[in-house]
Amino acid sequence: MKKTTFIVILCLLSTLLTKAADKLSLKDVINGTYRSQRIYGVNPLLDGEHYAQISPDGKRIVKYSFKTGEEAGIIFDIETARNHKLKRIEGYIMSPDESRILIQTETKLIYRRSFTAQYYLYTVKNNTLEPLSKNGPQQVPLFSPDGNNIAFVRENNIFLVKLLFNNSESQITKDGKFNEILNGIPDWVNEEEFGYNRAFDFSADSKMIAYIRFDESKVPMFSFPLYKGMEPSLNQFDEYPGAYSYKYPVAGAKNSDVTVHTFDIKSRVTRKMELPLETDGYIPRIKFTQNPDMLAIMTLNRNQNRFDIYMANPRSTVCKLIVCDEAPQYIKENAYENIVFYKDHFALMSERDGYNHIYWYTLGGNLVKQVTRGDYEVTSFIGWDETTNSFYFESNEGNPLHNATYKIDAKGRKTELTKGHGSNSSIFSTNFRYFMNTYSDLNTPPVYSLHDHNGKTLVTLLDNQALKEKLKRLDMPQKELFQFTTSDGIQLNGWMVKPAHFDSSKKYPVIMYQYSGPGSQMVKDSWNIGEKGEGCIWEAYLAQEGFISVCIDGRGTGGRGAEFEKCTYMNLGVKEAKDQVEAAKYLGSLPYINKEAIGIWGWSFGGYNTLMAMSEGTPVFAAGVAVAPPTCWKYYDSVYTERYMRTPKENGDGYRSSSALERVNDLHGELLLVHGMADDNVHFRNTAEYSEALVQAGIQFQMQVYTNRNHGIRGGNTSYHIYSLIAKFFKTHLK
């Protein structure tokens, strides 16, 4: 009997050990085998009780209850809608009264945020679909407030479809031309760096359209080669290579000339607003207020340290300055990204007291009050409830690594609506009676739940329990947050991923991953961290291979106020590189880390800072990988670079000290350079020039280029190839 029991125990132990030995393959990491489930595309509906979503199969738009999370009806169904041959919904836009829906299909990407698509107009009442236009694909269609008109852009011109006149289509602008004039859509650099893809709007009474006109005819051209390639194959370049040419202003170069115009739909009169904008200034947003005679035009000077809001009369063209917000260094994007106009007021975000907070203004520009204040960052303004005079927002109050949703009522009382200690993000119903919250922390995948306006949990929609069970079958690593203090007395935040069976008596090699760009934040108490943004799954693979992974947010990163973030102004990469060196020295002092085997890597700005840190002058890195790095800021775009560096003419010394090219002779450690040859963002030119400098300096290195790949370096087998390459490189040089 004892012998039988012993055998059974051995079998059980064998089974447990076998389960613990399940390996995480790199294919699993790349293919998303352990990707968390997400709830996407939540669109609150007018009734305040429901929200809409596209079904997982892409064939229906489904209505769900904000109170119960249960399906409450079908808004659109491909299988039953009449007059069409559609196969899948790729997006949709509802009319203001929800009686019509624009269905997006045949989407083709242009740049990061821009795309063309074929849109179909669906009428809910009679269940019919019809093409929005039969004259070619459309961009950024928009319903007028009364729902009777739709404007869109085609080939850089604005068109108008009148639904009450048998969907008649007319052309509003006629001078649009590729690489010359854009009407109603931004050029490359404005789209990329100001984060938007539509530059027109309807007046509140639906009688006018306002739009920004971008004249890029004098902006310098940039070209990069295209080859036949694979995945996909560009067969037109089978015999001879081709090229893609577009307008790309580098730092200090000529930008587009921007002007604001209005179009009177009835009289068809076009007017130019008399905007007192400097000749090289920017217009990052325009938006009509709820008053049809008040068009808000937001402007920045070229140095981006002055943000003005003008109220323009769309007919008289007179523009009145109502708000001017200035900063010693630069104005952050959230000033114009988070602005919301109401009937008599608007909310504005500003760092004027050192931290990002909400300010409440009248439409005339009079400051009513500062809504939030304190040594913390408001990360998002959600909205204002007119019925209760309450403000809703997200902030990192109490800890820059955490995020929560708050309400401030009419009496100024603040209530934390989310209770999870980690990261929270909320979507509210239109009447603010309910909200959907997404919660995660370092060890908890996203949990989606519905709540009432007081924060009470009504139902959990998705808890990713299936993913948790899958991960239990792996030897998952230990993840932890930590802090350390540099020799300059700066306290920095980090996370560390240790192998599952960590042994403190051993010496482990370390791979440091970072981004380090202005305002970024890679270190949070969140599931969405690590290179793949999925619970450090890539770092889990590296841990399985015997590495400790570490990420440090150095000076210049976000979440800790303007002083910490903007201290790198005019000298990008100097303090950021030093802080990564300081982090490596700190890690090397720990008893379980091999200080002779510390590597560093990053993508984009992270690739740049990898080069800067490896050539900082302190030889602490044995190896590094720089993916798609901007190696010299003179080669990067005007809007981003000048925001942090001003122009090369104004800041020559800063550009030299911030250039990885200038530090080539100080490079220490084995280096792998990686770049896509069709990168429209950080041009391959950066790596080409840097590699040439290494050659002339007599420094050996490795380099991998990817044919026809953009900044993301994806497509076919590409992702697996690049991560295999990085893993092999570090195994070779750190173990």
# chains A, B, ... in the order shown; residues from 1 in each chain; ligands from 1
>>> residues_around(residues="range 313-329 of chain A", least_positions_apart="3", cutoff="9 Å", atoms="only C-alpha atoms", output="number ranges by chain")
A: 203, 208-210, 261-264, 271-276, 292-295, 297, 303-310, 350-352, 363-366, 566, 569-570, 643-644
>>> closest_residue(among="A:Leu132, A:Glu231, A:Ala613, A:Glu71", to="Asn717 in chain A", atoms="only C-alpha atoms")
A:Glu231
>>> closest_residue(among="A:Cys632, A:Val523, A:Val510, A:Ala81", to="Lys585 in chain A", atoms="only C-alpha atoms")
A:Val510
>>> closest_residue(among="A:Ile537, A:Val124, A:Ala577, A:Ile110", to="Ile75 in chain A", atoms="only C-alpha atoms")
A:Val124
>>> select_by_dssp(residues="range 142-182 of chain A", states="strand (DSSP E)", output="list in words")
Leu142, Phe143, Asn149, Ile150, Ala151, Phe152, Val153, Arg154, Asn157, Ile158, Phe159, Leu160, Val161, Lys162, Ser168, Glu169, Ser170, Gln171, Ile181 and Leu182 of chain A
>>> residues_around(residues="Tyr227 in chain A", least_positions_apart="4", cutoff="10 Å", atoms="only C-alpha atoms", output="ChimeraX atom specification")
/A:233-243,677-678,707-708
>>> select_by_dssp(residues="range 224-384 of chain A", states="helix (DSSP H, G or I)", output="number ranges by chain")
A: 235-237, 334-337
>>> closest_residue(among="A:Val371, A:Val42, A:Leu121, A:Ala583", to="His84 in chain A", atoms="only C-alpha atoms")
A:Leu121
>>> closest_residue(among="A:Leu450, A:Ala688, A:Asp679, A:Lys332", to="Tyr706 in chain A", atoms="only C-alpha atoms")
A:Asp679
>>> residues_around(residues="Asn135 in chain A", least_positions_apart="4", cutoff="10 Å", atoms="only C-alpha atoms", output="list in words")
Pro131, Arg154 and Glu169 of chain A
>>> write_last_selection(atoms="N, CA, C and O atoms", output="mmCIF file, in the first residue's frame")
data_model
loop_
_atom_site.group_PDB
_atom_site.id
_atom_site.type_symbol
_atom_site.label_atom_id
_atom_site.label_comp_id
_atom_site.auth_asym_id
_atom_site.auth_seq_id
_atom_site.Cartn_x
_atom_site.Cartn_y
_atom_site.Cartn_z
ATOM 1 N N PRO A 131 -24.034 53.767 -51.597
ATOM 2 C CA PRO A 131 -22.697 54.367 -51.554
ATOM 3 C C PRO A 131 -22.774 55.852 -51.209
ATOM 4 O O PRO A 131 -23.655 56.569 -51.692
ATOM 5 N N ARG A 154 -11.521 64.117 -50.865
ATOM 6 C CA ARG A 154 -11.022 63.195 -51.881
ATOM 7 C C ARG A 154 -9.916 63.901 -52.656
ATOM 8 O O ARG A 154 -10.141 65.023 -53.147
ATOM 9 N N GLU A 169 -23.897 65.382 -54.942
ATOM 10 C CA GLU A 169 -22.510 65.615 -54.548
ATOM 11 C C GLU A 169 -21.944 66.828 -55.272
ATOM 12 O O GLU A 169 -22.092 66.957 -56.485
#
>>> atom_distance(atom1="CA of Gln478 in chain A", atom2="CA of Arg714 in chain A")
29.4 Å
>>> residues_around(residues="Gly698 in chain A", least_positions_apart="4", cutoff="12 Å", atoms="only C-alpha atoms", output="list of chain:residue names")
A:Val664, A:Asn665, A:Asp666, A:Leu667, A:Ser691, A:Glu692, A:Ala693, A:Leu694
>>> closest_residue(among="A:Ala628, A:Leu461, A:Met645, A:Val378", to="Leu672 in chain A", atoms="only C-alpha atoms")
A:Ala628
>>> residues_around(residues="Glu662 in chain A", least_positions_apart="6", cutoff="10 Å", atoms="only C-alpha atoms", output="list in words")
Met612, Ser615, Thr631, Cys632, Tyr655, Arg656, Tyr690 and Ala693 of chain A
